[in-house]
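Student: Data: coords_17.cif, mmCIF, C-alpha atoms (C1' of nucleotides).
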data_entry
#
loop_
_atom_site.label_atom_id
_atom_site.label_comp_id
_atom_site.auth_asym_id
_atom_site.auth_seq_id
_atom_site.Cartn_x
_atom_site.Cartn_y
_atom_site.Cartn_z
CA MET A 130 0.00 0.00 0.00
CA THR A 131 1.42 3.26 -1.10
CA HIS A 132 -0.89 5.82 0.37
CA ARG A 133 1.17 8.52 1.98
CA THR A 134 -0.52 11.21 3.93
CA THR A 135 -0.56 14.55 2.22
CA SER A 136 -1.47 17.99 3.31
CA GLN A 137 -4.78 19.50 2.37
CA THR A 138 -3.25 21.07 -0.68
CA GLY A 139 -2.14 17.67 -1.85
CA ILE A 140 1.16 19.19 -2.83
CA THR A 141 3.40 18.85 0.17
CA PRO A 142 4.38 15.34 1.21
CA THR A 143 4.87 14.92 4.91
CA ASP A 144 6.72 12.57 7.20
CA ALA A 145 7.07 11.99 10.91
CA ALA A 146 9.65 14.74 11.19
CA PHE A 147 7.33 17.37 9.74
CA PRO A 148 3.81 16.09 10.34
CA ASP A 149 0.55 17.38 9.03
CA VAL A 150 -1.11 19.74 11.47
CA PRO A 151 -4.87 20.21 11.85
CA GLU A 152 -6.02 23.58 10.59
CA ALA A 153 -7.73 24.26 13.92
CA ASP A 154 -4.42 23.93 15.77
CA ILE A 155 -2.71 26.24 13.29
CA ALA A 156 -5.44 28.84 13.68
CA GLU A 157 -5.21 28.71 17.46
CA VAL A 158 -1.45 29.05 17.51
CA ARG A 159 -1.52 31.93 15.05
CA ALA A 160 -4.05 33.84 17.12
CA THR A 161 -2.23 33.16 20.36
CA ILE A 162 1.12 34.28 19.01
CA ILE A 163 -0.23 37.43 17.40
CA ASP A 164 -2.12 38.38 20.57
CA TRP A 165 0.91 37.67 22.73
CA PHE A 166 3.11 39.76 20.44
CA ALA A 167 0.79 42.75 20.80
CA THR A 168 1.48 42.84 24.52
CA ALA A 169 5.05 41.53 24.81
CA GLU A 170 6.87 43.02 21.84
CA ARG A 171 10.21 44.63 22.56
CA PRO A 172 10.41 48.21 21.30
CA LEU A 173 13.23 47.60 18.85
CA PRO A 174 14.09 50.76 16.91
CA TRP A 175 14.04 49.10 13.48
CA ARG A 176 10.40 48.20 14.05
CA ASP A 177 9.45 51.87 14.06
CA PRO A 178 7.06 52.49 11.15
CA GLU A 179 9.30 55.33 9.99
CA THR A 180 12.32 53.05 9.64
CA THR A 181 13.64 52.75 6.10
CA ALA A 182 14.02 49.45 4.29
CA TRP A 183 17.76 49.96 4.25
CA ALA A 184 17.77 50.38 8.03
CA VAL A 185 15.83 47.15 8.38
CA LEU A 186 18.31 45.40 6.12
CA VAL A 187 21.22 46.66 8.22
CA SER A 188 19.53 45.44 11.39
CA GLU A 189 19.08 41.98 9.91
CA ILE A 190 22.70 41.71 8.81
CA MET A 191 23.94 42.84 12.21
CA SER A 192 21.60 40.37 13.93
CA GLN A 193 22.94 37.32 12.10
CA GLN A 194 24.27 35.07 14.86
CA THR A 195 24.28 38.04 17.19
CA PRO A 196 21.92 38.76 20.12
CA VAL A 197 19.57 41.63 19.36
CA ALA A 198 20.33 43.39 22.62
CA ARG A 199 23.95 43.69 21.56
CA VAL A 200 23.01 44.93 18.11
CA GLU A 201 20.71 47.77 19.07
CA PRO A 202 23.23 50.44 20.17
CA ARG A 203 25.53 49.53 17.31
CA TRP A 204 22.70 49.83 14.81
CA ARG A 205 21.81 53.32 16.08
CA ALA A 206 25.37 54.57 15.69
CA TRP A 207 25.73 52.91 12.27
CA MET A 208 22.52 54.38 10.88
CA ALA A 209 23.40 57.84 12.18
CA LYS A 210 26.71 57.62 10.34
CA TRP A 211 25.52 55.99 7.11
CA PRO A 212 21.75 56.51 6.73
CA THR A 213 21.47 55.29 3.12
CA PRO A 214 23.09 52.67 0.89
CA ALA A 215 24.93 55.42 -1.00
CA ASP A 216 26.44 56.71 2.24
CA LEU A 217 27.87 53.33 3.15
CA ALA A 218 28.93 52.66 -0.42
CA ALA A 219 31.06 55.82 -0.40
CA ALA A 220 32.77 55.11 2.92
CA PRO A 221 36.39 53.89 3.16
CA THR A 222 36.34 50.16 3.87
CA ALA A 223 38.79 50.66 6.72
CA GLU A 224 36.31 52.98 8.35
CA VAL A 225 33.50 50.50 7.83
CA LEU A 226 35.48 47.75 9.52
CA HIS A 227 36.57 50.07 12.28
CA SER A 228 32.96 50.96 13.01
CA TRP A 229 31.94 47.34 12.94
CA ASP A 230 34.48 46.93 15.72
CA ARG A 231 33.81 43.81 17.76
CA LEU A 232 30.35 42.88 16.58
CA GLY A 233 31.74 39.63 15.24
CA TYR A 234 31.92 38.07 11.78
CA PRO A 235 33.52 41.20 10.27
CA ARG A 236 32.99 39.72 6.82
CA ARG A 237 29.40 40.81 7.35
CA ALA A 238 30.55 44.43 7.26
CA LEU A 239 32.33 43.82 3.97
CA ARG A 240 29.29 42.11 2.44
CA LEU A 241 27.04 44.86 3.73
CA GLN A 242 29.12 47.48 1.98
CA GLU A 243 29.16 45.40 -1.18
CA ALA A 244 25.38 45.16 -1.00
CA ALA A 245 25.17 48.91 -0.42
CA ARG A 246 27.22 49.50 -3.57
CA VAL A 247 25.00 47.25 -5.66
CA ILE A 248 21.88 48.94 -4.35
CA ALA A 249 23.31 52.43 -4.81
CA GLU A 250 24.79 51.88 -8.24
CA GLU A 251 22.45 49.40 -9.86
CA ARG A 252 19.13 49.90 -8.10
CA ASP A 253 18.82 53.64 -7.70
CA ASN A 254 19.60 53.43 -3.98
CA ARG A 255 16.42 51.45 -3.32
CA VAL A 256 16.28 48.14 -1.46
CA PRO A 257 14.73 45.34 -3.56
CA GLU A 258 11.24 44.32 -2.46
CA THR A 259 11.09 40.62 -3.22
CA ALA A 260 12.92 37.90 -1.35
CA ALA A 261 14.25 36.48 -4.62
CA GLU A 262 15.88 39.77 -5.57
CA LEU A 263 17.19 40.38 -2.07
CA GLU A 264 18.83 36.98 -1.99
CA THR A 265 21.03 37.91 -4.94
CA LEU A 266 22.76 40.55 -2.81
CA PRO A 267 26.05 39.70 -1.07
CA GLY A 268 25.61 38.49 2.50
CA ILE A 269 21.86 38.00 2.16
CA GLY A 270 20.65 34.42 2.34
CA SER A 271 17.22 32.86 2.62
CA TYR A 272 16.47 34.08 6.13
CA THR A 273 17.56 37.70 5.67
CA ALA A 274 15.87 37.95 2.28
CA ALA A 275 12.56 36.74 3.74
CA ALA A 276 12.89 38.96 6.79
CA VAL A 277 13.61 42.15 4.84
CA ALA A 278 10.85 41.41 2.32
CA SER A 279 8.40 40.91 5.19
CA PHE A 280 9.42 43.53 7.74
CA ALA A 281 10.49 46.29 5.37
CA HIS A 282 8.09 45.71 2.48
CA GLY A 283 5.14 43.82 3.95
CA GLN A 284 5.54 40.85 1.62
CA ARG A 285 4.17 37.47 2.61
CA THR A 286 7.28 35.37 3.10
CA THR A 287 8.28 32.45 5.27
CA VAL A 288 10.73 33.86 7.79
CA LEU A 289 12.68 30.97 9.22
CA ASP A 290 15.34 31.95 11.72
CA THR A 291 16.56 29.90 14.66
CA ASN A 292 13.73 31.19 16.88
CA VAL A 293 10.93 30.43 14.45
CA ARG A 294 12.35 27.01 13.68
CA ARG A 295 12.54 26.13 17.37
CA VAL A 296 8.98 27.27 18.09
CA LEU A 297 7.48 25.42 15.12
CA ILE A 298 9.44 22.25 15.80
CA ARG A 299 8.37 22.20 19.42
CA VAL A 300 4.75 23.20 19.03
CA PHE A 301 3.89 21.26 15.88
CA ALA A 302 6.48 18.46 15.69
CA GLY A 303 7.08 17.74 19.38
CA ARG A 304 10.88 17.90 19.30
CA ASP A 305 13.06 20.11 21.49
CA ARG A 306 15.21 21.71 18.82
CA PRO A 307 15.63 21.96 15.08
CA SER A 308 18.45 20.48 13.04
CA THR A 309 21.64 22.40 12.35
CA SER A 310 20.28 24.02 9.21
CA PRO A 311 16.80 24.04 7.69
CA SER A 312 16.13 21.56 4.89
CA ARG A 313 13.99 22.30 1.88
CA ARG A 314 11.37 20.02 3.41
CA GLU A 315 11.32 22.01 6.62
CA THR A 316 10.99 25.31 4.75
CA GLN A 317 8.02 23.99 2.79
CA TRP A 318 6.48 22.64 5.99
CA ALA A 319 6.86 25.99 7.74
CA GLU A 320 5.17 27.89 4.94
CA GLN A 321 1.72 26.54 5.86
CA PHE A 322 1.81 28.34 9.21
CA VAL A 323 2.18 31.80 7.68
CA PRO A 324 -1.31 33.31 7.50
CA ALA A 325 -2.72 35.03 4.44
CA VAL A 326 -3.33 38.15 6.46
CA ASP A 327 -1.32 39.41 9.42
CA HIS A 328 1.70 37.60 8.01
CA VAL A 329 4.08 40.36 9.09
CA ARG A 330 2.86 40.21 12.67
CA TRP A 331 3.03 36.43 12.56
CA ASN A 332 6.59 36.47 11.28
CA ALA A 333 7.72 39.05 13.82
CA GLY A 334 5.62 37.56 16.61
CA VAL A 335 6.71 33.95 16.34
CA MET A 336 10.32 35.10 16.13
CA GLU A 337 9.92 37.25 19.21
CA PHE A 338 8.15 34.39 20.98
CA GLY A 339 11.14 32.16 20.38
CA ALA A 340 13.48 34.84 21.65
CA LEU A 341 11.56 35.62 24.84
CA VAL A 342 9.45 32.58 25.83
CA CYS A 343 10.28 29.47 23.83
CA THR A 344 14.01 29.92 24.31
CA ALA A 345 16.68 27.36 23.56
CA ARG A 346 18.16 27.11 27.04
CA SER A 347 15.47 27.63 29.64
CA PRO A 348 12.08 27.83 27.96
CA LYS A 349 9.40 29.47 30.08
CA CYS A 350 6.89 26.68 29.67
CA ASP A 351 5.29 27.42 33.05
CA ASP A 352 4.18 30.76 31.73
CA CYS A 353 3.56 29.81 28.10
CA PRO A 354 0.27 30.59 26.38
CA LEU A 355 0.84 27.64 24.05
CA ALA A 356 1.47 25.08 26.77
CA GLU A 357 -1.82 23.28 26.16
CA VAL A 358 -1.36 23.03 22.41
CA CYS A 359 2.39 22.45 22.29
CA ALA A 360 3.21 18.92 21.17
CA TRP A 361 6.61 19.05 22.85
CA ASN A 362 5.16 20.15 26.18
CA ARG A 363 2.33 17.64 25.99
CA SER A 364 4.76 14.78 25.47
CA GLY A 365 6.91 15.70 28.46
CA ARG A 366 9.53 17.81 26.69
CA PRO A 367 11.89 15.07 25.56
CA THR A 368 15.48 16.05 24.78
CA SER A 369 17.29 14.91 21.67
CA ALA A 370 20.89 13.99 20.98
CA THR A 371 23.59 16.47 21.88
CA LYS A 372 24.92 18.78 19.25
CA PRO A 373 28.52 18.64 18.03
CA LYS A 374 30.95 20.49 20.21
CA THR A 375 31.52 24.11 19.46
CA GLN A 376 34.75 25.11 17.79
CA LYS A 377 37.64 26.01 20.03
CA TRP A 378 38.75 29.62 20.18
CA ALA A 379 42.21 29.62 21.72
CA GLY A 380 44.88 28.86 19.17
CA THR A 381 42.74 29.06 16.05
CA ASP A 382 42.87 31.16 12.91
CA ARG A 383 39.92 33.08 14.22
CA GLN A 384 41.82 34.19 17.29
CA LEU A 385 44.75 35.28 15.16
CA ARG A 386 42.54 37.24 12.82
CA GLY A 387 40.92 38.86 15.81
CA ALA A 388 44.34 39.94 17.03
CA ILE A 389 45.20 41.30 13.60
CA MET A 390 41.98 43.23 13.51
CA ASP A 391 42.74 44.74 16.89
CA VAL A 392 46.15 45.88 15.68
CA LEU A 393 44.82 47.33 12.48
CA LYS A 394 41.94 49.11 14.14
CA ALA A 395 44.28 50.71 16.65
CA ARG A 396 46.62 51.78 13.84
CA HIS A 397 43.67 53.11 11.92
CA GLU A 398 42.77 55.37 14.82
CA GLU A 399 46.34 56.63 15.08
CA THR A 400 46.40 57.28 11.37
CA LEU A 401 43.30 59.39 11.63
CA ASP A 402 44.78 61.29 14.55
CA GLU A 403 48.00 61.97 12.73
CA ALA A 404 46.16 63.05 9.63
CA ALA A 405 44.26 65.54 11.76
CA ASP A 406 47.50 66.81 13.30
CA ASP A 407 49.14 66.98 9.88
CA ARG A 408 52.50 66.08 11.32
CA HIS A 409 53.50 62.81 9.73
CA ASP A 410 56.40 64.26 7.77
CA GLY A 411 59.59 62.31 8.16
CA VAL A 412 57.94 59.40 9.91
CA PRO A 413 59.09 56.17 8.29
CA PHE A 414 56.43 54.11 6.64
CA ASP A 415 55.28 51.34 8.89
CA LEU A 416 52.07 50.24 10.42
CA LEU A 417 52.01 53.17 12.77
CA THR A 418 51.75 55.63 9.91
CA ALA A 419 50.34 53.59 7.07
CA PRO A 420 47.83 55.52 5.02
CA THR A 421 44.22 54.50 5.25
CA ALA A 422 44.29 53.10 1.74
CA ALA A 423 46.98 50.62 2.68
CA LEU A 424 45.14 49.63 5.80
CA ASP A 425 42.12 48.97 3.69
CA GLU A 426 43.88 46.28 1.74
CA ASP A 427 45.56 44.76 4.73
CA MET A 428 42.42 44.70 6.79
CA VAL A 429 40.47 43.11 4.03
CA GLU A 430 43.23 40.58 3.47
CA SER A 431 43.15 39.59 7.10
CA LEU A 432 39.47 38.78 7.04
CA GLY A 433 37.15 36.07 5.96
CA THR A 434 38.88 33.55 3.83
CA ALA A 435 42.35 34.39 5.06
CA THR A 436 43.68 31.04 6.14
CA SER A 437 46.91 30.38 7.91
CA ALA A 438 48.43 29.52 4.55
CA LYS A 439 47.31 32.85 3.23
CA LEU A 440 48.85 34.61 6.18
CA ARG A 441 52.15 32.90 5.47
CA ARG A 442 51.90 34.08 1.90
CA MET A 443 51.25 37.59 3.12
CA ARG A 444 54.32 37.45 5.30
CA ASP A 445 56.47 36.37 2.41
CA LEU A 446 55.13 38.69 -0.25
CA SER A 447 54.52 41.94 1.51
CA ALA A 448 56.77 43.82 3.87
CA ASN A 449 53.78 45.54 5.31
CA ALA A 450 51.94 42.30 5.75
CA GLU A 451 55.02 40.86 7.41
CA ARG A 452 54.87 43.56 10.04
CA ILE A 453 51.21 42.79 10.56
CA ALA A 454 51.88 39.12 10.92
CA ARG A 455 54.74 39.80 13.34
CA LEU A 456 52.64 42.17 15.40
CA ALA A 457 49.81 39.72 15.49
CA GLY A 458 52.25 36.98 16.43
CA ASP A 459 53.59 39.13 19.26
CA LEU A 460 50.08 39.78 20.46
CA VAL A 461 49.28 36.15 20.81
CA SER A 462 52.80 34.96 21.53
CA ASP A 463 51.77 33.41 24.79
CA GLY A 464 49.34 31.25 22.90
CA LEU A 465 49.97 30.62 19.25
CA ALA A 466 53.57 31.51 18.61
CA ALA A 467 54.80 29.78 21.73
CA ARG A 468 53.19 26.58 20.66
CA HIS A 469 54.01 26.79 16.98
CA GLY A 470 57.39 28.44 16.89
CA ASP A 471 57.78 31.29 14.45
CA ARG A 472 55.31 29.86 12.01
CA LEU A 473 51.84 31.24 11.76
CA SER A 474 50.56 27.81 11.01
CA LEU A 475 47.64 27.14 13.24
CA PRO A 476 45.75 24.11 14.39
CA ARG A 477 42.32 23.41 13.07
"C1'" DA B 97 26.31 17.37 4.74
"C1'" DA B 98 30.07 19.41 6.98
"C1'" DA B 99 33.34 23.30 7.85
"C1'" DT B 100 34.25 27.82 8.50
"C1'" DC B 101 33.47 32.33 10.06
"C1'" DG B 102 33.69 36.41 15.95
"C1'" DG B 103 32.70 37.71 19.93
"C1'" DG B 104 30.21 38.19 24.06
"C1'" DG B 105 27.01 36.99 27.64
"C1'" DG B 106 24.17 33.61 30.13
"C1'" DT B 107 24.16 29.25 32.67
"C1'" DA C 246 33.72 25.25 30.32
"C1'" DC C 247 29.90 25.07 27.46
"C1'" DC C 248 26.03 26.83 24.86
"C1'" DC C 249 23.70 30.06 22.10
"C1'" DC C 250 22.80 34.01 19.40
"C1'" DA C 251 16.95 37.39 13.92
"C1'" DG C 252 22.92 32.86 9.23
"C1'" DA C 253 25.76 32.90 4.93
"C1'" DT C 254 29.03 30.83 2.15
"C1'" DT C 255 32.35 27.55 0.78
"C1'" DT C 256 34.02 22.89 0.51
#
How does this structure look as structure tokens?

Tutor:
Amino acid sequence: MTHRTTSQTGITPTDAAFPDVPEADIAEVRATIIDWFATAERPLPWRDPETTAWAVLVSEIMSQQTPVARVEPRWRAWMAKWPTPADLAAAPTAEVLHSWDRLGYPRRALRLQEAARVIAEERDNRVPETAAELETLPGIGSYTAAAVASFAHGQRTTVLDTNVRRVLIRVFAGRDRPSTSPSRRETQWAEQFVPAVDHVRWNAGVMEFGALVCTARSPKCDDCPLAEVCAWNRSGRPTSATKPKTQKWAGTDRQLRGAIMDVLKARHEETLDEAADDRHDGVPFDLLTAPTAALDEDMVESLGTATSAKLRRMRDLSANAERIARLAGDLVSDGLAARHGDRLSLPR
DNA sequence: AAATCGGGGGT
DNA sequence: ACCCCAGATTT
């Protein structure tokens, strides 16, 4: 017998991992979440009706893998400095990275500026409105594209971040946490929960609910308005297998790059100071007096895909890069250099 | 599918 | 110490 259960549309096949859900349950959860959101919503500045689409986009990029509470002050300063895509597009990359400071994943700052340049130069400084168009921009994947299309443009999209995935998996599938990354099947499954109307408030509300109530670590099930409907709660909140261990920090490429960034950002500040004083005559060229343009290249080189092999290449090919590598090595000498001699080869 | 990419704060 | 955070991109 081959009869598989199908959803009411007859289009989406289902399995035990992503089961069919009665329409009555979906309706109840939608209403509960939207009502809860109306009373519990955090007053995040990018939710202000006056906020531009570009400002929403910036908030989403900054929020990738970064707690919203940490993003908020940084977003305010960033938007005050570069209010439009054209403003960011015209900024020196060194200044962009310096302003990004320690938000983490500095490659996001580079992609954001690349996206700003595309929008400014090819799209008349206007943020695309559809998720498909947004996803063609650098640094914008499926989540960010859906979020910007929904929150900035009111489009009906399926916003599937870590919060939404956790809520849906618990409430409708009875498991404690989603897989590492969403499958195509999961995305299709999640689409059915997005209502035809109020989809923006659903998207924002279910995300907020995951951030404030249905949290990963200590979910507030005792005070949860979905406790009676939630499949996970009803089945006793079983826990699944442990996730793979998180990557080490000490002694890795990431730590070295962080040290390099610290050096370069400090030198960048000194460069700006000296430029203001107009007294860098006769000072030999080194990292302390390198012009901003040179720092641009070096800072970019030290980011993202710069592997330890690449750093070795930098040291060999560029006198300036050699100084950077040496400075970075000095900075972490107690850790990396001590364990690996004078090489910048690092453990994985 | 698995690796890689930062940094900080909560537990 | 370990886990998690409004993920994206490369291998």

Student: Can I get the residues of chain C within 8 Å of chain A, each with the closest pair of atoms and their distance in Å to one decimal, using all atoms listed in the file, sorted chain first then ascending number, as a tab-separated table?

Tutor:
residue	atom	partner	partner_atom	distance
C:DC249	C1'	A:Ala345	CA	7.7
C:DC250	C1'	A:Thr195	CA	4.8
C:DA251	C1'	A:Ser192	CA	5.5
C:DG252	C1'	A:Gln193	CA	5.3
C:DA253	C1'	A:Gly270	CA	5.9

Student: Given a cut-off of 7 Å, which residues of chain A touch chain B, counting all atoms listed in the file, written out as a list of chain:residue names?

Tutor: A:Arg231, A:Leu232, A:Gly233, A:Tyr234, A:Gly433

Student: Give me the residues within 12 Å of A:Ser312 as a list in words, counting all atoms listed in the file and dropping any in the same chain fewer than 2 places off.

Tutor: Ala146, Phe147, Ser271, Leu289, Arg294, Pro307, Ser308, Thr309, Ser310, Arg314, Glu315, Thr316, Gln317, Trp318 and Ala319 of chain A; DA97 of chain B

Student: For a test of reading the model, state the distance in Å between atom CA of A:Trp378 and atom CA of A:Glu243, rounded to one decimal.

Tutor: 28.2 Å

Student: Suppose you want the space between atom CA of A:Phe166 and atom CA of A:Met208; what is it in Å?

Tutor: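 We find that atom CA of A:Phe166 and atom CA of A:Met208 lie 26.1 Å from each other.
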
Student: Considering all atoms listed in the file, can you say which of A:Ser364, A:Thr168, A:Gln321, A:Thr213 comes closest to A:Val256?

Tutor: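 Of A:Ser364, A:Thr168, A:Gln321, A:Thr213, the one nearest A:Val256 is A:Thr213, counting all atoms listed in the file.
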
Student: List the neighbours of A:Asp305 out to 9 Å using only C-alpha atoms (C1' of nucleotides); skip same-chain residues closer than 3 positions along the sequence, and give me the result as a CSV table (one decimal) with C-alpha atoms, in the frame of the given file.

Tutor:
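result_2.csv was written with the following content:
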chain,number,residue,atom,x,y,z
A,295,ARG,CA,12.5,26.1,17.4
A,296,VAL,CA,9.0,27.3,18.1
A,298,ILE,CA,9.4,22.2,15.8
A,299,ARG,CA,8.4,22.2,19.4
A,302,ALA,CA,6.5,18.5,15.7
A,345,ALA,CA,16.7,27.4,23.6
A,361,TRP,CA,6.6,19.0,22.8
A,366,ARG,CA,9.5,17.8,26.7
A,367,PRO,CA,11.9,15.1,25.6
A,368,THR,CA,15.5,16.0,24.8
A,369,SER,CA,17.3,14.9,21.7

Student: Enter the distance from atom CA of A:Gly387 to atom CA of A:Asp230, in Å, rounded to one decimal.

Tutor: 10.3 Å
